[in-house]
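Shown next: model_14.txt, given as compact mmCIF, C-alpha atoms.
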```
# COMPACT_ATOMS: atom_id res chain seq x y z
CA MET A 33 0.00 0.00 0.00
CA ASN A 34 1.45 3.34 -1.10
CA VAL A 35 0.82 6.38 1.11
CA THR A 36 1.27 9.80 -0.54
CA ILE A 37 1.02 13.29 0.98
CA ASP A 38 -0.39 15.93 -1.35
CA LYS A 39 2.43 18.39 -2.04
CA ASN A 40 -0.11 21.20 -2.63
CA SER A 41 -1.76 20.83 0.79
CA GLY A 42 -0.74 22.55 3.99
CA TYR A 43 -0.38 26.14 5.07
CA CYS A 44 -1.22 28.98 2.75
CA PHE A 45 1.20 31.93 2.73
CA GLY A 46 -0.86 33.97 5.23
CA VAL A 47 -0.97 31.27 7.90
CA GLU A 48 2.69 30.34 7.43
CA PHE A 49 3.63 34.02 7.75
CA ALA A 50 1.62 34.46 10.98
CA ILE A 51 3.08 31.35 12.63
CA GLN A 52 6.61 32.37 11.70
CA MET A 53 6.03 35.83 13.19
CA ALA A 54 4.70 34.26 16.39
CA GLU A 55 7.70 31.94 16.72
CA ASP A 56 10.14 34.76 16.02
CA GLU A 57 8.54 36.93 18.73
CA MET A 58 8.52 34.09 21.26
CA GLU A 59 12.28 33.69 20.92
CA ASN A 60 12.57 36.93 22.90
CA CYS A 61 9.72 36.54 25.41
CA GLU A 62 8.24 33.85 27.62
CA GLU A 63 4.65 34.57 26.65
CA LEU A 64 2.93 36.17 23.68
CA TYR A 65 -0.79 36.87 23.51
CA CYS A 66 -2.71 36.05 20.33
CA LEU A 67 -6.19 37.40 19.63
CA GLY A 68 -8.11 34.25 18.71
CA ASP A 69 -6.72 30.90 17.53
CA ILE A 70 -3.69 31.62 15.35
CA VAL A 71 -4.87 28.79 13.09
CA HIS A 72 -7.99 26.62 13.10
CA ASN A 73 -6.08 23.53 14.10
CA SER A 74 -5.98 22.43 17.73
CA MET A 75 -2.83 20.35 17.30
CA GLU A 76 -0.85 23.36 16.07
CA VAL A 77 -2.40 25.63 18.71
CA ASN A 78 -1.25 23.16 21.39
CA ARG A 79 2.27 23.01 19.91
CA LEU A 80 2.56 26.79 20.00
CA TYR A 81 1.04 26.96 23.50
CA LYS A 82 4.01 24.93 24.74
CA LYS A 83 6.27 27.60 23.25
CA GLY A 84 4.42 30.40 25.07
CA LEU A 85 1.57 31.50 22.78
CA ARG A 86 -1.51 32.38 24.82
CA ILE A 87 -4.88 32.66 23.07
CA ILE A 88 -7.21 35.42 24.27
CA ASP A 89 -10.61 36.67 23.15
CA ARG A 90 -11.79 40.24 22.61
CA GLU A 91 -13.13 40.60 26.16
CA GLN A 92 -9.75 39.59 27.58
CA LEU A 93 -8.02 42.03 25.24
CA LYS A 94 -9.89 44.89 26.91
CA GLU A 95 -8.24 44.03 30.23
CA LEU A 96 -4.67 43.97 28.93
CA ARG A 97 -2.23 46.87 29.34
CA ASN A 98 1.38 47.51 28.32
CA THR A 99 1.99 44.21 26.52
CA LYS A 100 2.28 42.62 23.08
CA VAL A 101 -0.57 41.00 21.17
CA LEU A 102 -0.34 39.13 17.86
CA ILE A 103 -2.95 39.81 15.19
CA ARG A 104 -3.40 36.59 13.23
CA ALA A 105 -3.71 36.19 9.45
CA HIS A 106 -7.50 36.73 9.46
CA GLY A 107 -7.11 40.45 10.18
CA GLU A 108 -9.00 42.64 12.65
CA PRO A 109 -11.59 45.45 12.55
CA PRO A 110 -10.56 49.09 13.20
CA GLU A 111 -11.78 49.04 16.82
CA THR A 112 -9.07 46.49 17.73
CA TYR A 113 -6.35 48.93 16.66
CA LYS A 114 -8.11 51.76 18.51
CA LEU A 115 -8.27 49.71 21.72
CA ALA A 116 -4.59 48.83 21.40
CA LEU A 117 -3.68 52.51 21.28
CA GLU A 118 -5.82 53.29 24.32
CA ASN A 119 -4.34 50.43 26.37
CA ASN A 120 -0.72 50.86 25.24
CA ILE A 121 -0.71 47.44 23.57
CA GLU A 122 1.94 46.77 20.96
CA LEU A 123 0.36 44.87 18.08
CA VAL A 124 2.42 42.31 16.19
CA ASP A 125 0.39 42.49 13.00
CA ALA A 126 0.48 39.22 11.07
CA SER A 127 -2.62 39.99 8.99
CA CYS A 128 -2.44 38.29 5.61
CA PRO A 129 -1.57 40.83 2.87
CA VAL A 130 -4.44 39.46 0.77
CA VAL A 131 -6.89 40.11 3.62
CA LEU A 132 -5.49 43.60 4.27
CA LYS A 133 -5.93 44.50 0.61
CA LEU A 134 -9.52 43.25 0.71
CA GLN A 135 -10.23 45.27 3.87
CA ASN A 136 -9.07 48.41 2.03
CA ARG A 137 -11.27 47.57 -0.96
CA VAL A 138 -14.31 47.03 1.27
CA LYS A 139 -13.73 50.31 3.12
CA HIS A 140 -13.28 52.25 -0.12
CA ALA A 141 -16.43 50.71 -1.61
CA PHE A 142 -18.42 51.41 1.56
CA ASP A 143 -17.35 55.06 1.70
CA SER A 144 -18.16 55.48 -2.00
CA ASP A 145 -21.44 53.55 -2.05
CA LYS A 146 -22.82 55.19 1.07
CA THR A 147 -23.44 58.45 -0.82
CA GLN A 148 -25.34 56.47 -3.47
CA GLY A 149 -27.52 54.57 -1.02
CA GLY A 150 -25.64 51.37 -1.79
CA GLN A 151 -25.15 48.23 0.27
CA ILE A 152 -22.01 46.21 0.90
CA VAL A 153 -22.71 42.46 0.84
CA ILE A 154 -20.08 39.95 1.98
CA TYR A 155 -20.36 36.30 1.03
CA GLY A 156 -18.89 34.61 4.09
CA GLN A 157 -19.46 32.89 7.40
CA VAL A 158 -21.12 34.93 10.16
CA GLY A 159 -18.76 35.16 13.13
CA HIS A 160 -15.67 34.12 11.16
CA ALA A 161 -12.65 36.19 12.19
CA GLU A 162 -11.95 37.45 8.68
CA VAL A 163 -15.59 38.43 8.15
CA ILE A 164 -15.61 40.34 11.45
CA GLY A 165 -12.59 42.30 10.22
CA LEU A 166 -14.20 42.99 6.83
CA ALA A 167 -17.52 44.05 8.31
CA GLY A 168 -15.63 46.34 10.68
CA GLN A 169 -14.51 48.40 7.69
CA THR A 170 -18.19 49.31 7.19
CA GLY A 171 -18.98 50.05 10.82
CA ASP A 172 -20.69 46.62 10.85
CA GLU A 173 -23.25 47.81 8.29
CA ALA A 174 -22.25 45.16 5.74
CA ILE A 175 -24.79 42.43 5.03
CA ILE A 176 -23.31 38.96 5.55
CA VAL A 177 -24.75 36.18 3.37
CA THR A 178 -23.93 32.50 3.56
CA THR A 179 -27.02 30.80 2.13
CA GLU A 180 -29.73 31.63 -0.38
CA GLU A 181 -32.10 32.44 2.50
CA ASP A 182 -29.73 35.18 3.68
CA LEU A 183 -30.39 37.13 0.47
CA ASP A 184 -33.68 38.28 2.01
CA LYS A 185 -31.58 40.75 4.06
CA ILE A 186 -30.75 42.71 0.88
CA ASP A 187 -32.85 45.58 -0.49
CA PHE A 188 -32.82 44.80 -4.22
CA SER A 189 -34.13 48.24 -5.14
CA ARG A 190 -30.80 49.75 -4.04
CA PRO A 191 -27.26 49.35 -5.47
CA VAL A 192 -25.31 46.30 -4.27
CA THR A 193 -21.55 45.73 -4.08
CA LEU A 194 -20.61 42.12 -3.41
CA PHE A 195 -17.34 40.82 -1.96
CA SER A 196 -16.30 37.38 -0.69
CA GLN A 197 -14.43 36.09 2.31
CA THR A 198 -11.07 35.07 0.83
CA THR A 199 -11.38 31.38 1.77
CA LYS A 200 -14.88 30.71 0.43
CA SER A 201 -15.64 28.41 -2.50
CA THR A 202 -15.38 30.00 -5.95
CA LYS A 203 -18.37 27.95 -7.10
CA GLY A 204 -20.38 29.15 -4.11
CA PHE A 205 -19.50 32.79 -4.78
CA TYR A 206 -20.62 32.69 -8.40
CA HIS A 207 -23.81 30.90 -7.40
CA ILE A 208 -24.63 33.70 -4.93
CA LYS A 209 -23.69 36.30 -7.57
CA ALA A 210 -26.14 34.75 -10.07
CA LEU A 211 -28.92 34.63 -7.46
CA ILE A 212 -28.43 38.31 -6.61
CA GLU A 213 -28.51 39.28 -10.29
CA GLU A 214 -31.79 37.42 -10.74
CA ARG A 215 -33.34 38.92 -7.60
CA ILE A 216 -32.36 42.43 -8.80
CA ARG A 217 -34.05 41.80 -12.15
CA GLN A 218 -37.20 40.47 -10.52
CA ALA A 219 -37.44 43.39 -8.08
CA ASN A 220 -37.00 46.10 -10.72
CA GLN A 221 -39.03 44.96 -13.74
CA ASP A 222 -40.90 48.26 -13.92
CA SER A 223 -38.08 50.58 -12.90
CA THR A 224 -34.41 51.33 -13.48
CA VAL A 225 -32.20 48.44 -12.45
CA PRO A 226 -29.80 49.55 -9.66
CA ALA A 227 -26.05 49.00 -10.02
CA PHE A 228 -24.61 45.64 -9.06
CA ASN A 229 -20.84 45.31 -8.67
CA ALA A 230 -19.54 41.80 -7.91
CA ASN A 231 -15.93 41.40 -6.76
CA ASP A 232 -14.40 37.93 -6.79
CA SER A 233 -12.10 38.46 -3.79
CA ILE A 234 -11.35 34.79 -3.15
CA CYS A 235 -7.66 34.02 -2.60
CA ARG A 236 -6.42 32.06 -5.60
CA GLN A 237 -3.87 30.22 -3.50
CA VAL A 238 -6.89 28.78 -1.70
CA SER A 239 -9.37 28.43 -4.57
CA ASN A 240 -6.82 26.71 -6.83
CA ARG A 241 -6.69 23.89 -4.32
CA GLU A 242 -10.19 22.75 -5.29
CA PRO A 243 -9.25 21.49 -8.79
CA GLN A 244 -5.93 20.20 -7.44
CA LEU A 245 -7.70 18.18 -4.73
CA ALA A 246 -10.33 16.93 -7.18
CA LYS A 247 -7.53 15.42 -9.29
CA PHE A 248 -5.60 14.15 -6.25
CA SER A 249 -8.71 12.40 -4.88
CA THR A 250 -9.27 10.40 -8.06
CA GLU A 251 -5.68 9.15 -8.02
CA HIS A 252 -6.07 7.16 -4.78
CA ASP A 253 -8.25 4.33 -3.48
CA VAL A 254 -8.66 6.05 -0.10
CA VAL A 255 -8.24 9.72 0.80
CA VAL A 256 -7.61 10.95 4.35
CA PHE A 257 -8.27 14.66 4.76
CA VAL A 258 -6.57 16.18 7.81
CA SER A 259 -8.01 19.38 9.28
CA GLY A 260 -9.16 21.09 12.42
CA LYS A 261 -12.90 20.83 12.93
CA LYS A 262 -13.18 24.64 13.25
CA SER A 263 -11.74 25.27 9.78
CA SER A 264 -14.36 26.46 7.28
CA ASN A 265 -11.74 26.05 4.55
CA GLY A 266 -11.22 22.47 5.72
CA LYS A 267 -14.92 21.66 5.47
CA ALA A 268 -15.11 23.10 1.96
CA LEU A 269 -12.02 21.27 0.69
CA TYR A 270 -13.06 17.99 2.29
CA SER A 271 -16.37 18.16 0.43
CA VAL A 272 -14.37 18.35 -2.82
CA CYS A 273 -12.52 15.16 -1.88
CA LYS A 274 -15.74 13.37 -0.89
CA GLN A 275 -17.43 14.41 -4.13
CA HIS A 276 -14.66 12.87 -6.26
CA ASN A 277 -13.84 9.90 -4.04
CA PRO A 278 -16.53 8.39 -1.75
CA ASN A 279 -13.75 6.69 0.23
CA SER A 280 -12.64 10.02 1.71
CA TYR A 281 -12.37 10.46 5.47
CA PHE A 282 -12.02 13.57 7.65
CA VAL A 283 -9.70 13.33 10.66
CA GLU A 284 -8.25 15.89 13.04
CA ASN A 285 -5.25 13.72 13.90
CA GLU A 286 -3.91 10.17 13.63
CA GLU A 287 -5.91 9.00 16.66
CA GLU A 288 -9.12 9.22 14.60
CA LEU A 289 -7.90 6.79 11.93
CA ASP A 290 -9.74 3.48 11.45
CA LYS A 291 -7.68 0.52 10.25
CA ALA A 292 -10.71 -0.87 8.39
CA TRP A 293 -10.62 2.05 5.92
CA PHE A 294 -7.43 0.68 4.37
CA ALA A 295 -8.16 -3.06 4.26
CA ASN A 296 -8.38 -3.25 0.45
CA ALA A 297 -6.49 -0.11 -0.50
CA GLU A 298 -3.41 -0.10 -2.69
CA SER A 299 -3.05 3.68 -2.70
CA VAL A 300 -3.81 6.19 0.07
CA GLY A 301 -3.68 9.97 -0.37
CA ILE A 302 -3.16 12.34 2.57
CA CYS A 303 -4.23 15.97 2.12
CA GLY A 304 -5.42 18.90 4.22
CA ALA A 305 -6.65 22.44 4.60
CA THR A 306 -4.75 25.71 4.37
CA SER A 307 -4.64 25.55 8.18
CA THR A 308 -3.16 22.03 8.34
CA PRO A 309 0.57 21.81 9.17
CA MET A 310 2.70 19.46 7.09
CA TRP A 311 4.07 17.83 10.24
CA LEU A 312 0.55 16.72 11.19
CA MET A 313 -0.12 15.18 7.76
CA GLN A 314 3.21 13.36 8.10
CA GLN A 315 2.14 11.96 11.50
CA VAL A 316 -1.07 10.67 9.92
CA ALA A 317 0.89 9.12 7.05
CA ASP A 318 3.30 7.43 9.48
CA SER A 319 0.37 5.92 11.40
CA ILE A 320 -1.20 4.58 8.20
CA ASN A 321 2.13 3.05 7.23
CA LYS A 322 2.06 1.17 10.55
CA PHE A 323 -1.37 -0.20 9.58
CA ASN A 324 0.22 -1.18 6.27
CA LEU A 325 2.81 -3.33 8.06
CA GLN A 326 0.08 -4.97 10.17
CA ILE A 327 -2.04 -5.70 7.10
CA VAL A 328 0.90 -7.34 5.34
```
What would you get if you wrote out this structure as structure tokens?
Amino acid sequence: MNVTIDKNSGYCFGVEFAIQMAEDEMENCEELYCLGDIVHNSMEVNRLYKKGLRIIDREQLKELRNTKVLIRAHGEPPETYKLALENNIELVDASCPVVLKLQNRVKHAFDSDKTQGGQIVIYGQVGHAEVIGLAGQTGDEAIIVTTEEDLDKIDFSRPVTLFSQTTKSTKGFYHIKALIEERIRQANQDSTVPAFNANDSICRQVSNREPQLAKFSTEHDVVVFVSGKKSSNGKALYSVCKQHNPNSYFVENEEELDKAWFANAESVGICGATSTPMWLMQQVADSINKFNLQIV
């Protein structure tokens, strides 16, 4: 039985950059605070905890004074930076450059559209750290849509500017875009159709993984997808694997493996989310190779 790790899986640039910044900072201090999980993977969070990284939430941030706090790749809303100034907190800003660029685009569009009575719509997950940061650029006036039912929040008689959370599915974004276009047409049959500006703001380093994983999944008898259960990117990419190979399994670590999955397999593929460290996929592969010896 051959076990292969997908060379295209693992950290995206933004996550890798944030973790490297955290480790560099911790070389010079015993503890470093991080606002929210630095990555949606409990195994990596635990590894970094042992090095001194302490996860805090926004309520805990309010109580801190005269210290350092890491901003993770997801980015933060303006009020976080304001609070840091008030409390003399030094921010180690590891926001992903792609996310920062999108925040600027959302703010510019909001400031421009506001005079025209327009609405900013963000295709993303309510409560997701990146979406909180994006909505913060609009004073939390942006409309967040995840499903078709969420479109009822939009006033289709007014201009709409659509953006996407960077880690959402490309297919999902264009589906939402088409639905909004149709709803605008239906709502304005007897009047001038308001402007609709759709911005595909999905990170291509993330979206390109969908076709890559689709191909990878068909090349193996069994696919093991490794990801933290909190990762929205992980859920989306796993669904791609499952769609192209029914013998695909989602695990958080090697302890969740089932020997029975590999009984008749000649080829096993290991892959993961943009928040999955390569060392964790290697641990899973090593465990499967032990099953391989037992099967033989």
Practice item. Please provide as a list in words all residues within 10 Å of Leu245 (chain A), with the sequence filter that same-chain residues fewer than 5 positions apart are discarded (counting only C-alpha atoms). Key: Asp38, Asn40, Ser41, Asn240, Thr250, Glu251, Leu269, Tyr270, Val272, Cys273, His276, Cys303 and Gly304 of chain A
Go ahead and dump the residues you just picked, C-alpha atoms, as a compact mmCIF listing (two decimals), in the frame of the given file.
```txt
# COMPACT_ATOMS: atom_id res chain seq x y z
CA ASP A 38 -0.39 15.93 -1.35
CA ASN A 40 -0.11 21.20 -2.63
CA SER A 41 -1.76 20.83 0.79
CA ASN A 240 -6.82 26.71 -6.83
CA THR A 250 -9.27 10.40 -8.06
CA GLU A 251 -5.68 9.15 -8.02
CA LEU A 269 -12.02 21.27 0.69
CA TYR A 270 -13.06 17.99 2.29
CA VAL A 272 -14.37 18.35 -2.82
CA CYS A 273 -12.52 15.16 -1.88
CA HIS A 276 -14.66 12.87 -6.26
CA CYS A 303 -4.23 15.97 2.12
CA GLY A 304 -5.42 18.90 4.22
```
So which residues touch region 109-111 of chain A within 10 Å, counting all atoms listed in the file, skipping near sequence neighbours fewer than 5 positions away, as a CSV table (one decimal) with C-alpha atoms, in the frame of the given file?
```csv
chain,number,residue,atom,x,y,z
A,116,ALA,CA,-4.6,48.8,21.4
A,117,LEU,CA,-3.7,52.5,21.3
A,135,GLN,CA,-10.2,45.3,3.9
A,161,ALA,CA,-12.6,36.2,12.2
A,162,GLU,CA,-12.0,37.4,8.7
A,163,VAL,CA,-15.6,38.4,8.2
A,164,ILE,CA,-15.6,40.3,11.4
A,165,GLY,CA,-12.6,42.3,10.2
A,166,LEU,CA,-14.2,43.0,6.8
A,167,ALA,CA,-17.5,44.0,8.3
A,168,GLY,CA,-15.6,46.3,10.7
A,169,GLN,CA,-14.5,48.4,7.7
A,170,THR,CA,-18.2,49.3,7.2
A,171,GLY,CA,-19.0,50.0,10.8
A,172,ASP,CA,-20.7,46.6,10.8
```
Exercise for review: May I have the residues within 7 Å of region 218-226 of chain A as a PyMOL selection string, using all atoms listed in the file and disregarding those fewer than 5 positions away in the same chain?
Suggested key: chain A and resi 188-191
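Across the structure, CA of Arg86 (chain A) and CA of Val316 (chain A) are spaced 26.3 Å apart.
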Check your understanding: Using all atoms listed in the file, which of A:Glu213, A:Glu57, A:Glu284, A:Glu242 sits nearest Ala126 (chain A)?
Key -> A:Glu57
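For the pair CA of Lys185 (chain A) and CA of Asn265 (chain A), the interatomic distance is 24.7 Å.
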Study note, to complete from the structure: What separates CA of Gln92 (chain A) and CA of Leu67 (chain A) is a distance of 9.0 Å
Reconstruct all heavy atoms of region 181-192 of chain A; output as an mmCIF file, keeping the file's coordinate frame.
```
data_model
loop_
_atom_site.group_PDB
_atom_site.id
_atom_site.type_symbol
_atom_site.label_atom_id
_atom_site.label_comp_id
_atom_site.auth_asym_id
_atom_site.auth_seq_id
_atom_site.Cartn_x
_atom_site.Cartn_y
_atom_site.Cartn_z
ATOM 1 N N GLU A 181 -31.113 31.807 1.625
ATOM 2 C CA GLU A 181 -32.100 32.440 2.500
ATOM 3 C C GLU A 181 -31.609 33.789 3.025
ATOM 4 O O GLU A 181 -32.404 34.709 3.266
ATOM 5 C CB GLU A 181 -32.427 31.519 3.694
ATOM 6 C CG GLU A 181 -33.213 30.265 3.353
ATOM 7 C CD GLU A 181 -32.402 29.237 2.580
ATOM 8 O OE1 GLU A 181 -31.153 29.205 2.751
ATOM 9 O OE2 GLU A 181 -32.999 28.475 1.796
ATOM 10 N N ASP A 182 -30.300 33.929 3.163
ATOM 11 C CA ASP A 182 -29.730 35.180 3.680
ATOM 12 C C ASP A 182 -29.921 36.349 2.721
ATOM 13 O O ASP A 182 -29.808 37.514 3.120
ATOM 14 C CB ASP A 182 -28.223 35.009 3.951
ATOM 15 C CG ASP A 182 -27.940 34.055 5.096
ATOM 16 O OD1 ASP A 182 -28.788 33.933 5.993
ATOM 17 O OD2 ASP A 182 -26.856 33.429 5.075
ATOM 18 N N LEU A 183 -30.210 36.060 1.458
ATOM 19 C CA LEU A 183 -30.390 37.130 0.470
ATOM 20 C C LEU A 183 -31.602 37.999 0.787
ATOM 21 O O LEU A 183 -31.715 39.121 0.291
ATOM 22 C CB LEU A 183 -30.528 36.540 -0.939
ATOM 23 C CG LEU A 183 -29.313 35.754 -1.456
ATOM 24 C CD1 LEU A 183 -29.565 35.255 -2.866
ATOM 25 C CD2 LEU A 183 -28.051 36.600 -1.417
ATOM 26 N N ASP A 184 -32.502 37.496 1.624
ATOM 27 C CA ASP A 184 -33.680 38.280 2.010
ATOM 28 C C ASP A 184 -33.292 39.524 2.810
ATOM 29 O O ASP A 184 -34.105 40.436 2.977
ATOM 30 C CB ASP A 184 -34.650 37.421 2.843
ATOM 31 C CG ASP A 184 -35.299 36.316 2.013
ATOM 32 O OD1 ASP A 184 -35.351 36.465 0.769
ATOM 33 O OD2 ASP A 184 -35.740 35.305 2.600
ATOM 34 N N LYS A 185 -32.048 39.570 3.307
ATOM 35 C CA LYS A 185 -31.580 40.750 4.060
ATOM 36 C C LYS A 185 -31.290 41.938 3.142
ATOM 37 O O LYS A 185 -31.150 43.064 3.604
ATOM 38 C CB LYS A 185 -30.292 40.403 4.821
ATOM 39 C CG LYS A 185 -30.374 39.218 5.772
ATOM 40 C CD LYS A 185 -28.970 38.919 6.323
ATOM 41 C CE LYS A 185 -28.919 37.648 7.124
ATOM 42 N NZ LYS A 185 -27.515 37.326 7.559
ATOM 43 N N ILE A 186 -31.167 41.676 1.833
ATOM 44 C CA ILE A 186 -30.750 42.710 0.880
ATOM 45 C C ILE A 186 -31.972 43.458 0.325
ATOM 46 O O ILE A 186 -33.009 42.854 0.040
ATOM 47 C CB ILE A 186 -29.967 42.080 -0.291
ATOM 48 C CG1 ILE A 186 -28.745 41.315 0.231
ATOM 49 C CG2 ILE A 186 -29.526 43.139 -1.296
ATOM 50 C CD1 ILE A 186 -28.046 40.470 -0.827
ATOM 51 N N ASP A 187 -31.840 44.765 0.176
ATOM 52 C CA ASP A 187 -32.850 45.580 -0.490
ATOM 53 C C ASP A 187 -32.476 45.658 -1.973
ATOM 54 O O ASP A 187 -31.551 46.379 -2.348
ATOM 55 C CB ASP A 187 -32.893 46.984 0.131
ATOM 56 C CG ASP A 187 -33.943 47.878 -0.513
ATOM 57 O OD1 ASP A 187 -34.540 47.483 -1.541
ATOM 58 O OD2 ASP A 187 -34.171 48.993 0.004
ATOM 59 N N PHE A 188 -33.185 44.919 -2.809
ATOM 60 C CA PHE A 188 -32.820 44.800 -4.220
ATOM 61 C C PHE A 188 -33.234 46.007 -5.066
ATOM 62 O O PHE A 188 -32.989 46.035 -6.273
ATOM 63 C CB PHE A 188 -33.387 43.512 -4.806
ATOM 64 C CG PHE A 188 -32.757 42.280 -4.220
ATOM 65 C CD1 PHE A 188 -33.418 41.551 -3.241
ATOM 66 C CD2 PHE A 188 -31.497 41.881 -4.613
ATOM 67 C CE1 PHE A 188 -32.831 40.425 -2.680
ATOM 68 C CE2 PHE A 188 -30.895 40.754 -4.054
ATOM 69 C CZ PHE A 188 -31.563 40.025 -3.083
ATOM 70 N N SER A 189 -33.822 46.998 -4.426
ATOM 71 C CA SER A 189 -34.130 48.240 -5.140
ATOM 72 C C SER A 189 -32.989 49.241 -5.026
ATOM 73 O O SER A 189 -33.035 50.314 -5.620
ATOM 74 C CB SER A 189 -35.428 48.859 -4.589
ATOM 75 O OG SER A 189 -35.242 49.297 -3.248
ATOM 76 N N ARG A 190 -31.958 48.875 -4.249
ATOM 77 C CA ARG A 190 -30.800 49.750 -4.040
ATOM 78 C C ARG A 190 -29.539 49.104 -4.609
ATOM 79 O O ARG A 190 -29.479 47.874 -4.753
ATOM 80 C CB ARG A 190 -30.623 50.017 -2.545
ATOM 81 C CG ARG A 190 -31.752 50.811 -1.907
ATOM 82 C CD ARG A 190 -31.692 50.694 -0.391
ATOM 83 N NE ARG A 190 -30.366 51.032 0.134
ATOM 84 C CZ ARG A 190 -29.936 50.647 1.345
ATOM 85 N NH1 ARG A 190 -30.715 49.916 2.121
ATOM 86 N NH2 ARG A 190 -28.732 50.997 1.750
ATOM 87 N N PRO A 191 -28.513 49.908 -4.942
ATOM 88 C CA PRO A 191 -27.260 49.350 -5.470
ATOM 89 C C PRO A 191 -26.625 48.358 -4.495
ATOM 90 O O PRO A 191 -26.747 48.499 -3.270
ATOM 91 C CB PRO A 191 -26.373 50.592 -5.639
ATOM 92 C CG PRO A 191 -27.324 51.730 -5.770
ATOM 93 C CD PRO A 191 -28.490 51.396 -4.897
ATOM 94 N N VAL A 192 -25.962 47.352 -5.058
ATOM 95 C CA VAL A 192 -25.310 46.300 -4.270
ATOM 96 C C VAL A 192 -23.869 46.126 -4.742
ATOM 97 O O VAL A 192 -23.604 46.041 -5.942
ATOM 98 C CB VAL A 192 -26.055 44.953 -4.413
ATOM 99 C CG1 VAL A 192 -25.282 43.842 -3.707
ATOM 100 C CG2 VAL A 192 -27.473 45.049 -3.865
#
```
